[in-house]
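Here is the file structure-v4.csv (CSV, N, CA and C atoms).
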```csv
chain,number,residue,atom,x,y,z
S,814,MET,N,117.1,129.7,91.5
S,814,MET,CA,115.8,129.0,91.6
S,814,MET,C,115.3,129.0,93.0
S,815,GLU,N,114.1,129.3,93.1
S,815,GLU,CA,113.4,129.4,94.4
S,815,GLU,C,113.2,127.9,95.0
S,816,LYS,N,113.6,127.7,96.2
S,816,LYS,CA,113.3,126.4,96.8
S,816,LYS,C,111.8,126.3,97.1
S,817,ARG,N,111.2,125.3,96.5
S,817,ARG,CA,109.7,125.1,96.6
S,817,ARG,C,109.4,123.8,97.2
S,818,LEU,N,108.8,123.7,98.3
S,818,LEU,CA,108.3,122.5,98.9
S,818,LEU,C,106.8,122.4,98.7
S,819,VAL,N,106.4,121.3,98.1
S,819,VAL,CA,105.0,121.2,97.8
S,819,VAL,C,104.3,120.6,99.1
S,820,ASN,N,103.2,121.2,99.4
S,820,ASN,CA,102.5,120.7,100.6
S,820,ASN,C,101.0,120.4,100.2
S,821,PHE,N,100.8,119.1,100.1
S,821,PHE,CA,99.5,118.6,99.7
S,821,PHE,C,98.9,117.7,100.8
S,822,SER,N,99.3,117.9,102.0
S,822,SER,CA,98.9,117.0,103.1
S,822,SER,C,97.4,116.9,103.2
S,823,GLY,N,96.7,118.0,103.2
S,823,GLY,CA,95.2,117.8,103.4
S,823,GLY,C,94.6,117.1,102.2
S,824,LEU,N,95.1,117.3,101.0
S,824,LEU,CA,94.5,116.6,99.9
S,824,LEU,C,94.9,115.1,99.9
S,825,ILE,N,96.1,114.9,100.3
S,825,ILE,CA,96.6,113.5,100.4
S,825,ILE,C,95.7,112.7,101.4
S,826,MET,N,95.6,113.4,102.6
S,826,MET,CA,94.9,112.7,103.7
S,826,MET,C,93.4,112.4,103.3
S,827,ILE,N,92.7,113.4,102.8
S,827,ILE,CA,91.3,113.1,102.4
S,827,ILE,C,91.2,112.1,101.3
S,828,SER,N,92.1,112.2,100.3
S,828,SER,CA,92.0,111.3,99.2
S,828,SER,C,92.3,109.9,99.6
S,829,VAL,N,93.4,109.7,100.3
S,829,VAL,CA,93.8,108.3,100.7
S,829,VAL,C,92.7,107.7,101.6
S,830,MET,N,92.1,108.5,102.5
S,830,MET,CA,91.1,108.0,103.4
S,830,MET,C,89.9,107.6,102.6
S,831,LEU,N,89.5,108.4,101.6
S,831,LEU,CA,88.3,108.1,100.8
S,831,LEU,C,88.5,106.8,100.0
S,832,LEU,N,89.7,106.7,99.4
S,832,LEU,CA,90.0,105.6,98.6
S,832,LEU,C,90.1,104.3,99.4
S,833,LEU,N,90.8,104.4,100.5
S,833,LEU,CA,90.9,103.3,101.4
S,833,LEU,C,89.6,102.8,101.9
S,834,SER,N,88.8,103.7,102.3
S,834,SER,CA,87.5,103.3,102.9
S,834,SER,C,86.5,102.8,101.8
S,835,ALA,N,86.6,103.3,100.6
S,835,ALA,CA,85.7,102.9,99.6
S,835,ALA,C,86.1,101.6,98.9
S,836,CYS,N,87.4,101.3,98.9
S,836,CYS,CA,87.9,100.2,98.2
S,836,CYS,C,88.6,99.1,99.0
S,837,SER,N,88.5,99.2,100.3
S,837,SER,CA,89.3,98.4,101.2
S,837,SER,C,88.7,97.0,101.3
S,838,THR,N,89.6,96.0,101.2
S,838,THR,CA,89.2,94.6,101.5
S,838,THR,C,90.1,94.1,102.6
S,839,HIS,N,90.7,95.0,103.4
S,839,HIS,CA,91.7,94.7,104.4
S,839,HIS,C,90.9,94.1,105.6
S,840,LEU,N,91.6,93.1,106.2
S,840,LEU,CA,91.1,92.5,107.4
S,840,LEU,C,91.4,93.4,108.6
S,841,MET,N,90.4,93.7,109.4
S,841,MET,CA,90.5,94.4,110.7
S,841,MET,C,91.1,95.7,110.5
S,842,GLY,N,91.0,96.4,109.4
S,842,GLY,CA,91.4,97.8,109.3
S,842,GLY,C,92.9,98.0,109.3
S,843,SER,N,93.7,97.0,108.8
S,843,SER,CA,95.1,97.1,108.8
S,843,SER,C,95.6,97.5,107.4
S,844,TYR,N,96.5,98.6,107.4
S,844,TYR,CA,97.0,99.1,106.1
S,844,TYR,C,98.5,99.2,106.1
S,845,GLY,N,99.0,99.0,104.9
S,845,GLY,CA,100.5,99.2,104.8
S,845,GLY,C,101.3,98.0,105.5
S,846,ALA,N,102.6,98.1,105.2
S,846,ALA,CA,103.5,97.1,105.8
S,846,ALA,C,103.5,97.1,107.3
S,847,LYS,N,103.2,98.2,107.9
S,847,LYS,CA,103.2,98.3,109.3
S,847,LYS,C,101.9,98.0,110.0
S,848,GLY,N,100.9,97.6,109.3
S,848,GLY,CA,99.6,97.2,109.8
S,848,GLY,C,98.9,98.3,110.6
S,849,GLN,N,99.0,99.5,110.0
S,849,GLN,CA,98.4,100.7,110.7
S,849,GLN,C,96.9,100.8,110.5
S,850,THR,N,96.3,101.6,111.3
S,850,THR,CA,94.9,102.0,111.0
S,850,THR,C,94.9,102.9,109.8
S,851,MET,N,93.7,103.1,109.2
S,851,MET,CA,93.6,104.0,108.1
S,851,MET,C,94.1,105.4,108.4
S,852,GLU,N,93.8,105.9,109.5
S,852,GLU,CA,94.2,107.3,109.9
S,852,GLU,C,95.7,107.3,110.1
S,853,GLU,N,96.3,106.3,110.8
S,853,GLU,CA,97.7,106.2,111.0
S,853,GLU,C,98.5,106.1,109.6
S,854,PHE,N,97.9,105.3,108.8
S,854,PHE,CA,98.6,105.1,107.5
S,854,PHE,C,98.5,106.4,106.6
S,855,THR,N,97.4,107.0,106.7
S,855,THR,CA,97.2,108.3,105.9
S,855,THR,C,98.3,109.3,106.4
S,856,HIS,N,98.4,109.5,107.7
S,856,HIS,CA,99.4,110.4,108.2
S,856,HIS,C,100.8,110.0,107.9
S,857,TYR,N,101.0,108.7,107.9
S,857,TYR,CA,102.4,108.1,107.6
S,857,TYR,C,102.7,108.5,106.1
S,858,VAL,N,101.8,108.2,105.2
S,858,VAL,CA,102.0,108.5,103.8
S,858,VAL,C,102.3,110.0,103.5
S,859,GLU,N,101.5,110.8,104.2
S,859,GLU,CA,101.8,112.3,104.1
S,859,GLU,C,103.2,112.6,104.5
S,860,GLY,N,103.6,112.0,105.6
S,860,GLY,CA,105.0,112.3,106.1
S,860,GLY,C,106.0,111.8,105.1
S,861,VAL,N,105.8,110.6,104.5
S,861,VAL,CA,106.7,110.1,103.6
S,861,VAL,C,106.8,111.0,102.3
S,862,PHE,N,105.7,111.4,101.9
S,862,PHE,CA,105.7,112.3,100.7
S,862,PHE,C,106.4,113.6,101.0
S,863,ARG,N,106.2,114.2,102.2
S,863,ARG,CA,106.9,115.4,102.5
S,863,ARG,C,108.4,115.2,102.6
S,864,LEU,N,108.8,114.1,103.2
S,864,LEU,CA,110.2,113.8,103.4
S,864,LEU,C,110.9,113.6,102.0
S,865,GLN,N,110.3,112.8,101.1
S,865,GLN,CA,111.0,112.6,99.8
S,865,GLN,C,110.9,113.9,99.0
S,866,ASN,N,109.9,114.6,99.1
S,866,ASN,CA,109.8,115.9,98.4
S,866,ASN,C,110.8,116.9,98.9
S,867,SER,N,111.1,116.9,100.2
S,867,SER,CA,112.0,117.8,100.8
S,867,SER,C,113.5,117.4,100.3
S,868,MET,N,113.7,116.1,100.2
S,868,MET,CA,115.0,115.6,99.8
S,868,MET,C,115.3,116.0,98.3
S,869,THR,N,114.3,115.9,97.5
S,869,THR,CA,114.4,116.3,96.1
S,869,THR,C,114.7,117.8,96.0
S,870,SER,N,114.0,118.6,96.7
S,870,SER,CA,114.2,120.0,96.7
S,870,SER,C,115.6,120.4,97.2
S,871,GLU,N,116.0,119.7,98.2
S,871,GLU,CA,117.4,120.0,98.7
S,871,GLU,C,118.5,119.7,97.7
S,872,ILE,N,118.3,118.6,97.1
S,872,ILE,CA,119.3,118.2,96.0
S,872,ILE,C,119.3,119.2,94.9
S,873,MET,N,118.1,119.6,94.5
S,873,MET,CA,118.0,120.6,93.4
S,873,MET,C,118.7,121.9,93.8
S,874,GLU,N,118.5,122.3,95.0
S,874,GLU,CA,119.1,123.5,95.4
S,874,GLU,C,120.7,123.4,95.5
S,875,LEU,N,121.1,122.3,96.0
S,875,LEU,CA,122.6,122.1,96.1
S,875,LEU,C,123.2,122.0,94.7
S,876,GLN,N,122.5,121.3,93.8
S,876,GLN,CA,123.0,121.2,92.4
S,876,GLN,C,123.1,122.6,91.8
S,877,GLU,N,122.1,123.4,92.0
S,877,GLU,CA,122.1,124.7,91.4
S,877,GLU,C,123.2,125.6,91.9
S,878,ASN,N,123.5,125.4,93.2
S,878,ASN,CA,124.6,126.2,93.8
S,878,ASN,C,126.0,125.5,93.7
S,879,ASP,N,126.0,124.4,93.0
S,879,ASP,CA,127.2,123.5,92.8
S,879,ASP,C,127.9,123.2,94.1
S,880,GLU,N,127.0,122.8,95.1
S,880,GLU,CA,127.5,122.5,96.4
S,880,GLU,C,127.2,121.0,96.7
S,881,LEU,N,127.1,120.2,95.7
S,881,LEU,CA,126.8,118.8,95.9
S,881,LEU,C,128.0,117.9,96.2
S,882,ASN,N,128.2,117.5,97.5
S,882,ASN,CA,129.2,116.5,97.8
S,882,ASN,C,128.8,115.1,97.5
S,883,ASN,N,129.8,114.3,97.2
S,883,ASN,CA,129.5,112.9,96.8
S,883,ASN,C,128.4,112.8,95.7
S,884,ARG,N,128.6,113.6,94.7
S,884,ARG,CA,127.7,113.8,93.7
S,884,ARG,C,127.1,112.5,93.1
S,885,ASP,N,128.0,111.6,92.6
S,885,ASP,CA,127.5,110.4,91.9
S,885,ASP,C,126.7,109.5,92.9
S,886,VAL,N,127.2,109.3,94.1
S,886,VAL,CA,126.6,108.5,95.1
S,886,VAL,C,125.2,109.1,95.4
S,887,LEU,N,125.2,110.4,95.6
S,887,LEU,CA,123.9,111.0,96.0
S,887,LEU,C,122.9,111.0,94.9
S,888,LEU,N,123.4,111.3,93.7
S,888,LEU,CA,122.4,111.3,92.5
S,888,LEU,C,121.9,109.9,92.3
S,889,LYS,N,122.7,108.8,92.5
S,889,LYS,CA,122.2,107.5,92.3
S,889,LYS,C,121.1,107.2,93.4
S,890,ALA,N,121.4,107.6,94.6
S,890,ALA,CA,120.4,107.4,95.7
S,890,ALA,C,119.1,108.2,95.5
S,891,GLU,N,119.3,109.4,94.9
S,891,GLU,CA,118.1,110.2,94.6
S,891,GLU,C,117.3,109.6,93.5
S,892,GLN,N,118.0,109.0,92.5
S,892,GLN,CA,117.3,108.3,91.4
S,892,GLN,C,116.5,107.1,91.9
S,893,ALA,N,117.2,106.3,92.8
S,893,ALA,CA,116.5,105.1,93.4
S,893,ALA,C,115.3,105.6,94.2
S,894,MET,N,115.4,106.7,94.9
S,894,MET,CA,114.3,107.2,95.7
S,894,MET,C,113.2,107.6,94.8
S,895,GLN,N,113.5,108.2,93.7
S,895,GLN,CA,112.4,108.6,92.7
S,895,GLN,C,111.7,107.4,92.1
S,896,GLU,N,112.4,106.4,91.8
S,896,GLU,CA,111.9,105.2,91.3
S,896,GLU,C,111.0,104.5,92.3
S,897,THR,N,111.5,104.4,93.5
S,897,THR,CA,110.8,103.7,94.6
S,897,THR,C,109.5,104.5,95.0
S,898,CYS,N,109.6,105.8,95.0
S,898,CYS,CA,108.5,106.7,95.4
S,898,CYS,C,107.5,107.0,94.2
S,899,ALA,N,107.8,106.4,93.0
S,899,ALA,CA,107.0,106.8,91.8
S,899,ALA,C,105.5,106.6,92.0
S,900,PRO,N,105.0,105.5,92.7
S,900,PRO,CA,103.6,105.3,92.9
S,900,PRO,C,103.0,106.5,93.7
S,901,LEU,N,103.7,106.9,94.8
S,901,LEU,CA,103.2,107.9,95.6
S,901,LEU,C,103.2,109.3,94.9
S,902,ASN,N,104.2,109.5,94.1
S,902,ASN,CA,104.3,110.8,93.4
S,902,ASN,C,103.2,110.8,92.3
S,903,GLU,N,103.0,109.7,91.6
S,903,GLU,CA,101.9,109.6,90.6
S,903,GLU,C,100.6,109.8,91.2
S,904,TYR,N,100.3,109.2,92.4
S,904,TYR,CA,99.1,109.4,93.1
S,904,TYR,C,98.8,110.9,93.4
S,905,VAL,N,99.8,111.5,94.0
S,905,VAL,CA,99.7,113.0,94.4
S,905,VAL,C,99.5,113.8,93.2
S,906,SER,N,100.2,113.5,92.1
S,906,SER,CA,100.1,114.3,90.9
S,906,SER,C,98.7,114.2,90.3
S,907,LEU,N,98.1,113.0,90.2
S,907,LEU,CA,96.8,112.8,89.7
S,907,LEU,C,95.7,113.5,90.6
S,908,GLU,N,95.9,113.4,91.9
S,908,GLU,CA,95.0,114.0,92.8
S,908,GLU,C,95.0,115.5,92.7
S,909,THR,N,96.2,116.1,92.6
S,909,THR,CA,96.3,117.6,92.5
S,909,THR,C,95.7,118.1,91.2
S,910,GLU,N,95.7,117.3,90.2
S,910,GLU,CA,95.2,117.7,88.9
S,910,GLU,C,93.7,117.3,88.8
S,911,GLY,N,93.1,116.8,89.9
S,911,GLY,CA,91.7,116.4,89.9
S,911,GLY,C,91.4,115.2,89.1
S,912,LEU,N,92.3,114.4,88.8
S,912,LEU,CA,92.1,113.2,88.0
S,912,LEU,C,91.8,112.0,88.9
S,913,SER,N,91.1,111.1,88.4
S,913,SER,CA,90.8,109.9,89.2
S,913,SER,C,92.0,109.0,89.3
S,914,THR,N,92.0,108.3,90.4
S,914,THR,CA,93.1,107.3,90.6
S,914,THR,C,92.4,105.9,90.8
S,915,ASP,N,93.1,104.9,90.4
S,915,ASP,CA,92.4,103.6,90.5
S,915,ASP,C,93.0,102.8,91.7
S,916,VAL,N,92.3,101.7,92.0
S,916,VAL,CA,92.6,101.0,93.2
S,916,VAL,C,94.0,100.4,93.1
S,917,SER,N,94.4,100.0,91.9
S,917,SER,CA,95.8,99.4,91.7
S,917,SER,C,96.9,100.4,92.1
S,918,LEU,N,96.7,101.7,91.8
S,918,LEU,CA,97.7,102.7,92.2
S,918,LEU,C,97.7,102.8,93.7
S,919,LEU,N,96.6,102.8,94.3
S,919,LEU,CA,96.5,102.9,95.7
S,919,LEU,C,97.2,101.8,96.4
S,920,LYS,N,97.0,100.6,95.9
S,920,LYS,CA,97.7,99.4,96.4
S,920,LYS,C,99.2,99.5,96.2
S,921,ARG,N,99.6,100.0,95.1
S,921,ARG,CA,101.1,100.2,94.9
S,921,ARG,C,101.6,101.2,95.9
S,922,VAL,N,100.9,102.3,96.2
S,922,VAL,CA,101.3,103.2,97.2
S,922,VAL,C,101.4,102.5,98.5
S,923,GLU,N,100.4,101.8,98.9
S,923,GLU,CA,100.4,101.0,100.1
S,923,GLU,C,101.6,100.1,100.3
S,924,LYS,N,101.9,99.4,99.2
S,924,LYS,CA,103.0,98.4,99.2
S,924,LYS,C,104.4,99.0,99.2
S,925,THR,N,104.5,100.3,98.7
S,925,THR,CA,105.9,100.9,98.5
S,925,THR,C,106.2,102.0,99.5
S,926,ALA,N,105.2,102.3,100.3
S,926,ALA,CA,105.4,103.5,101.3
S,926,ALA,C,106.6,103.3,102.2
S,927,VAL,N,106.8,102.2,102.7
S,927,VAL,CA,108.0,101.9,103.6
S,927,VAL,C,109.3,102.0,102.8
S,928,ASP,N,109.3,101.4,101.7
S,928,ASP,CA,110.5,101.4,100.8
S,928,ASP,C,110.8,102.9,100.4
S,929,CYS,N,109.8,103.6,100.1
S,929,CYS,CA,110.0,105.0,99.7
S,929,CYS,C,110.6,105.8,100.9
S,930,GLU,N,110.0,105.6,102.1
S,930,GLU,CA,110.6,106.3,103.3
S,930,GLU,C,112.1,105.9,103.4
S,931,GLN,N,112.4,104.6,103.3
S,931,GLN,CA,113.8,104.2,103.5
S,931,GLN,C,114.7,104.8,102.5
S,932,ALA,N,114.2,104.9,101.2
S,932,ALA,CA,115.1,105.5,100.2
S,932,ALA,C,115.3,107.0,100.5
S,933,ALA,N,114.2,107.7,100.9
S,933,ALA,CA,114.4,109.1,101.3
S,933,ALA,C,115.3,109.3,102.5
S,934,LEU,N,115.2,108.4,103.5
S,934,LEU,CA,116.1,108.5,104.6
S,934,LEU,C,117.6,108.3,104.2
S,935,LYS,N,117.8,107.4,103.2
S,935,LYS,CA,119.1,107.2,102.7
S,935,LYS,C,119.7,108.4,102.1
S,936,VAL,N,118.9,109.1,101.3
S,936,VAL,CA,119.3,110.4,100.7
S,936,VAL,C,119.6,111.4,101.8
S,937,LYS,N,118.7,111.4,102.8
S,937,LYS,CA,118.9,112.4,103.9
S,937,LYS,C,120.2,112.2,104.6
S,938,THR,N,120.6,110.9,104.8
S,938,THR,CA,121.8,110.6,105.5
S,938,THR,C,123.0,111.0,104.6
S,939,LEU,N,122.9,110.7,103.3
S,939,LEU,CA,124.0,111.1,102.4
S,939,LEU,C,124.1,112.6,102.3
S,940,LEU,N,123.1,113.4,102.4
S,940,LEU,CA,123.1,114.8,102.4
S,940,LEU,C,123.8,115.4,103.6
S,941,LYS,N,123.7,114.7,104.7
S,941,LYS,CA,124.4,115.2,105.9
S,941,LYS,C,125.9,114.9,105.9
S,942,GLN,N,126.4,114.1,105.0
S,942,GLN,CA,127.8,113.8,105.0
S,942,GLN,C,128.6,114.9,104.4
```
For the structure just supplied, provide its representation as structure tokens.
Amino acid sequence: MEKRLVNFSGLIMISVMLLLSACSTHLMGSYGAKGQTMEEFTHYVEGVFRLQNSMTSEIMELQENDELNNRDVLLKAEQAMQETCAPLNEYVSLETEGLSTDVSLLKRVEKTAVDCEQAALKVKTLLKQ
């Protein structure tokens, strides 16, 4: 199986910026758990998406080659990452298909971005072991 890393950064950046600017009720332009500007948050979300997508691709490749160490622990961490990152993945999927997203999905992405990043970093750490 060919290792494929999806790169939707431009699409994510434009879409998140448009939705945040159109639907924002934030005080003083603060977004996400880290209180970032819209631009900072958009770049942050892009990076989180790329990180978790990369971890999924790496696990798939290792499974295919039967080179997965700590299989059970790693697969549980990967499953937890997928659950935590579900709003972000749903958002990207809808955007790439040209379908509209609602404000509630954007809010879920905003609320779960840090947790998604932490889950992906946990998988990354386990992969290095």
Exercise. Find the residue from S:Gly911, S:Val886, S:Val922, S:Val916 that sits nearest to S:Ala899; use only N, CA and C atoms when measuring.
Key: S:Val922
Quiz prompt | Nearest residue to S:Glu891 from the set S:Thr914, S:Thr925, S:Gln849, S:Thr869 (distances using only C-alpha atoms) | solution = S:Thr869
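The space separating atom CA of S:Asn902 from atom CA of S:Met868 comes to 13.4 Å.
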Self-check item: Contact residues around stretch 930-938 of chain S with only C-alpha atoms at 7 Å, ignoring same-chain residues under 2 positions, as a ChimeraX atom specification
Solution: /S:861,864-865,868,887,890-891,893-894,926-928,940-942
Practice problem: Could you please determine the separation between atom CA of S:Lys920 and atom CA of S:Lys889 in Å, to one decimal place? | Solution: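 Interatomic distance here is 26.1 Å.
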Quiz item: Within 9 Å of (99.4, 106.8, 90.8), only C-alpha atoms: residues as a count of residues only?
Solution: 17
Kindly complete stretch 899-925 of chain S to N, CA, C and O atoms; the output should be written as a PDB file, in the coordinates of the input.
```
ATOM      1  N   ALA S 899     107.800 106.400  93.000  1.00  0.00           N
ATOM      2  CA  ALA S 899     107.000 106.800  91.800  1.00  0.00           C
ATOM      3  C   ALA S 899     105.500 106.600  92.000  1.00  0.00           C
ATOM      4  O   ALA S 899     104.707 107.450  91.656  1.00  0.00           O
ATOM      5  N   PRO S 900     105.000 105.500  92.700  1.00  0.00           N
ATOM      6  CA  PRO S 900     103.600 105.300  92.900  1.00  0.00           C
ATOM      7  C   PRO S 900     103.000 106.500  93.700  1.00  0.00           C
ATOM      8  O   PRO S 900     101.946 107.014  93.397  1.00  0.00           O
ATOM      9  N   LEU S 901     103.700 106.900  94.800  1.00  0.00           N
ATOM     10  CA  LEU S 901     103.200 107.900  95.600  1.00  0.00           C
ATOM     11  C   LEU S 901     103.200 109.300  94.900  1.00  0.00           C
ATOM     12  O   LEU S 901     102.194 109.997  94.937  1.00  0.00           O
ATOM     13  N   ASN S 902     104.200 109.500  94.100  1.00  0.00           N
ATOM     14  CA  ASN S 902     104.300 110.800  93.400  1.00  0.00           C
ATOM     15  C   ASN S 902     103.200 110.800  92.300  1.00  0.00           C
ATOM     16  O   ASN S 902     102.595 111.836  92.005  1.00  0.00           O
ATOM     17  N   GLU S 903     103.000 109.700  91.600  1.00  0.00           N
ATOM     18  CA  GLU S 903     101.900 109.600  90.600  1.00  0.00           C
ATOM     19  C   GLU S 903     100.600 109.800  91.200  1.00  0.00           C
ATOM     20  O   GLU S 903      99.745 110.567  90.690  1.00  0.00           O
ATOM     21  N   TYR S 904     100.300 109.200  92.400  1.00  0.00           N
ATOM     22  CA  TYR S 904      99.100 109.400  93.100  1.00  0.00           C
ATOM     23  C   TYR S 904      98.800 110.900  93.400  1.00  0.00           C
ATOM     24  O   TYR S 904      97.774 111.446  93.141  1.00  0.00           O
ATOM     25  N   VAL S 905      99.800 111.500  94.000  1.00  0.00           N
ATOM     26  CA  VAL S 905      99.700 113.000  94.400  1.00  0.00           C
ATOM     27  C   VAL S 905      99.500 113.800  93.200  1.00  0.00           C
ATOM     28  O   VAL S 905      98.651 114.722  93.149  1.00  0.00           O
ATOM     29  N   SER S 906     100.200 113.500  92.100  1.00  0.00           N
ATOM     30  CA  SER S 906     100.100 114.300  90.900  1.00  0.00           C
ATOM     31  C   SER S 906      98.700 114.200  90.300  1.00  0.00           C
ATOM     32  O   SER S 906      98.046 115.195  89.926  1.00  0.00           O
ATOM     33  N   LEU S 907      98.100 113.000  90.200  1.00  0.00           N
ATOM     34  CA  LEU S 907      96.800 112.800  89.700  1.00  0.00           C
ATOM     35  C   LEU S 907      95.700 113.500  90.600  1.00  0.00           C
ATOM     36  O   LEU S 907      94.808 114.133  90.112  1.00  0.00           O
ATOM     37  N   GLU S 908      95.900 113.400  91.900  1.00  0.00           N
ATOM     38  CA  GLU S 908      95.000 114.000  92.800  1.00  0.00           C
ATOM     39  C   GLU S 908      95.000 115.500  92.700  1.00  0.00           C
ATOM     40  O   GLU S 908      93.972 116.189  92.774  1.00  0.00           O
ATOM     41  N   THR S 909      96.200 116.100  92.600  1.00  0.00           N
ATOM     42  CA  THR S 909      96.300 117.600  92.500  1.00  0.00           C
ATOM     43  C   THR S 909      95.700 118.100  91.200  1.00  0.00           C
ATOM     44  O   THR S 909      95.299 119.236  91.135  1.00  0.00           O
ATOM     45  N   GLU S 910      95.700 117.300  90.200  1.00  0.00           N
ATOM     46  CA  GLU S 910      95.200 117.700  88.900  1.00  0.00           C
ATOM     47  C   GLU S 910      93.700 117.300  88.800  1.00  0.00           C
ATOM     48  O   GLU S 910      93.039 117.598  87.803  1.00  0.00           O
ATOM     49  N   GLY S 911      93.100 116.800  89.900  1.00  0.00           N
ATOM     50  CA  GLY S 911      91.700 116.400  89.900  1.00  0.00           C
ATOM     51  C   GLY S 911      91.400 115.200  89.100  1.00  0.00           C
ATOM     52  O   GLY S 911      90.189 115.046  88.736  1.00  0.00           O
ATOM     53  N   LEU S 912      92.300 114.400  88.800  1.00  0.00           N
ATOM     54  CA  LEU S 912      92.100 113.200  88.000  1.00  0.00           C
ATOM     55  C   LEU S 912      91.800 112.000  88.900  1.00  0.00           C
ATOM     56  O   LEU S 912      92.339 111.987  90.002  1.00  0.00           O
ATOM     57  N   SER S 913      91.100 111.100  88.400  1.00  0.00           N
ATOM     58  CA  SER S 913      90.800 109.900  89.200  1.00  0.00           C
ATOM     59  C   SER S 913      92.000 109.000  89.300  1.00  0.00           C
ATOM     60  O   SER S 913      92.810 108.892  88.391  1.00  0.00           O
ATOM     61  N   THR S 914      92.000 108.300  90.400  1.00  0.00           N
ATOM     62  CA  THR S 914      93.100 107.300  90.600  1.00  0.00           C
ATOM     63  C   THR S 914      92.400 105.900  90.800  1.00  0.00           C
ATOM     64  O   THR S 914      91.242 105.844  91.218  1.00  0.00           O
ATOM     65  N   ASP S 915      93.100 104.900  90.400  1.00  0.00           N
ATOM     66  CA  ASP S 915      92.400 103.600  90.500  1.00  0.00           C
ATOM     67  C   ASP S 915      93.000 102.800  91.700  1.00  0.00           C
ATOM     68  O   ASP S 915      93.939 103.205  92.326  1.00  0.00           O
ATOM     69  N   VAL S 916      92.300 101.700  92.000  1.00  0.00           N
ATOM     70  CA  VAL S 916      92.600 101.000  93.200  1.00  0.00           C
ATOM     71  C   VAL S 916      94.000 100.400  93.100  1.00  0.00           C
ATOM     72  O   VAL S 916      94.769 100.300  94.081  1.00  0.00           O
ATOM     73  N   SER S 917      94.400 100.000  91.900  1.00  0.00           N
ATOM     74  CA  SER S 917      95.800  99.400  91.700  1.00  0.00           C
ATOM     75  C   SER S 917      96.900 100.400  92.100  1.00  0.00           C
ATOM     76  O   SER S 917      97.883  99.989  92.699  1.00  0.00           O
ATOM     77  N   LEU S 918      96.700 101.700  91.800  1.00  0.00           N
ATOM     78  CA  LEU S 918      97.700 102.700  92.200  1.00  0.00           C
ATOM     79  C   LEU S 918      97.700 102.800  93.700  1.00  0.00           C
ATOM     80  O   LEU S 918      98.793 102.881  94.264  1.00  0.00           O
ATOM     81  N   LEU S 919      96.600 102.800  94.300  1.00  0.00           N
ATOM     82  CA  LEU S 919      96.500 102.900  95.700  1.00  0.00           C
ATOM     83  C   LEU S 919      97.200 101.800  96.400  1.00  0.00           C
ATOM     84  O   LEU S 919      97.956 101.907  97.371  1.00  0.00           O
ATOM     85  N   LYS S 920      97.000 100.600  95.900  1.00  0.00           N
ATOM     86  CA  LYS S 920      97.700  99.400  96.400  1.00  0.00           C
ATOM     87  C   LYS S 920      99.200  99.500  96.200  1.00  0.00           C
ATOM     88  O   LYS S 920      99.933  99.089  97.132  1.00  0.00           O
ATOM     89  N   ARG S 921      99.600 100.000  95.100  1.00  0.00           N
ATOM     90  CA  ARG S 921     101.100 100.200  94.900  1.00  0.00           C
ATOM     91  C   ARG S 921     101.600 101.200  95.900  1.00  0.00           C
ATOM     92  O   ARG S 921     102.747 101.027  96.445  1.00  0.00           O
ATOM     93  N   VAL S 922     100.900 102.300  96.200  1.00  0.00           N
ATOM     94  CA  VAL S 922     101.300 103.200  97.200  1.00  0.00           C
ATOM     95  C   VAL S 922     101.400 102.500  98.500  1.00  0.00           C
ATOM     96  O   VAL S 922     102.428 102.695  99.272  1.00  0.00           O
ATOM     97  N   GLU S 923     100.400 101.800  98.900  1.00  0.00           N
ATOM     98  CA  GLU S 923     100.400 101.000 100.100  1.00  0.00           C
ATOM     99  C   GLU S 923     101.600 100.100 100.300  1.00  0.00           C
ATOM    100  O   GLU S 923     102.271 100.006 101.298  1.00  0.00           O
ATOM    101  N   LYS S 924     101.900  99.400  99.200  1.00  0.00           N
ATOM    102  CA  LYS S 924     103.000  98.400  99.200  1.00  0.00           C
ATOM    103  C   LYS S 924     104.400  99.000  99.200  1.00  0.00           C
ATOM    104  O   LYS S 924     105.372  98.433  99.643  1.00  0.00           O
ATOM    105  N   THR S 925     104.500 100.300  98.700  1.00  0.00           N
ATOM    106  CA  THR S 925     105.900 100.900  98.500  1.00  0.00           C
ATOM    107  C   THR S 925     106.200 102.000  99.500  1.00  0.00           C
ATOM    108  O   THR S 925     107.254 102.543  99.461  1.00  0.00           O
TER     109      THR S 925
END
```
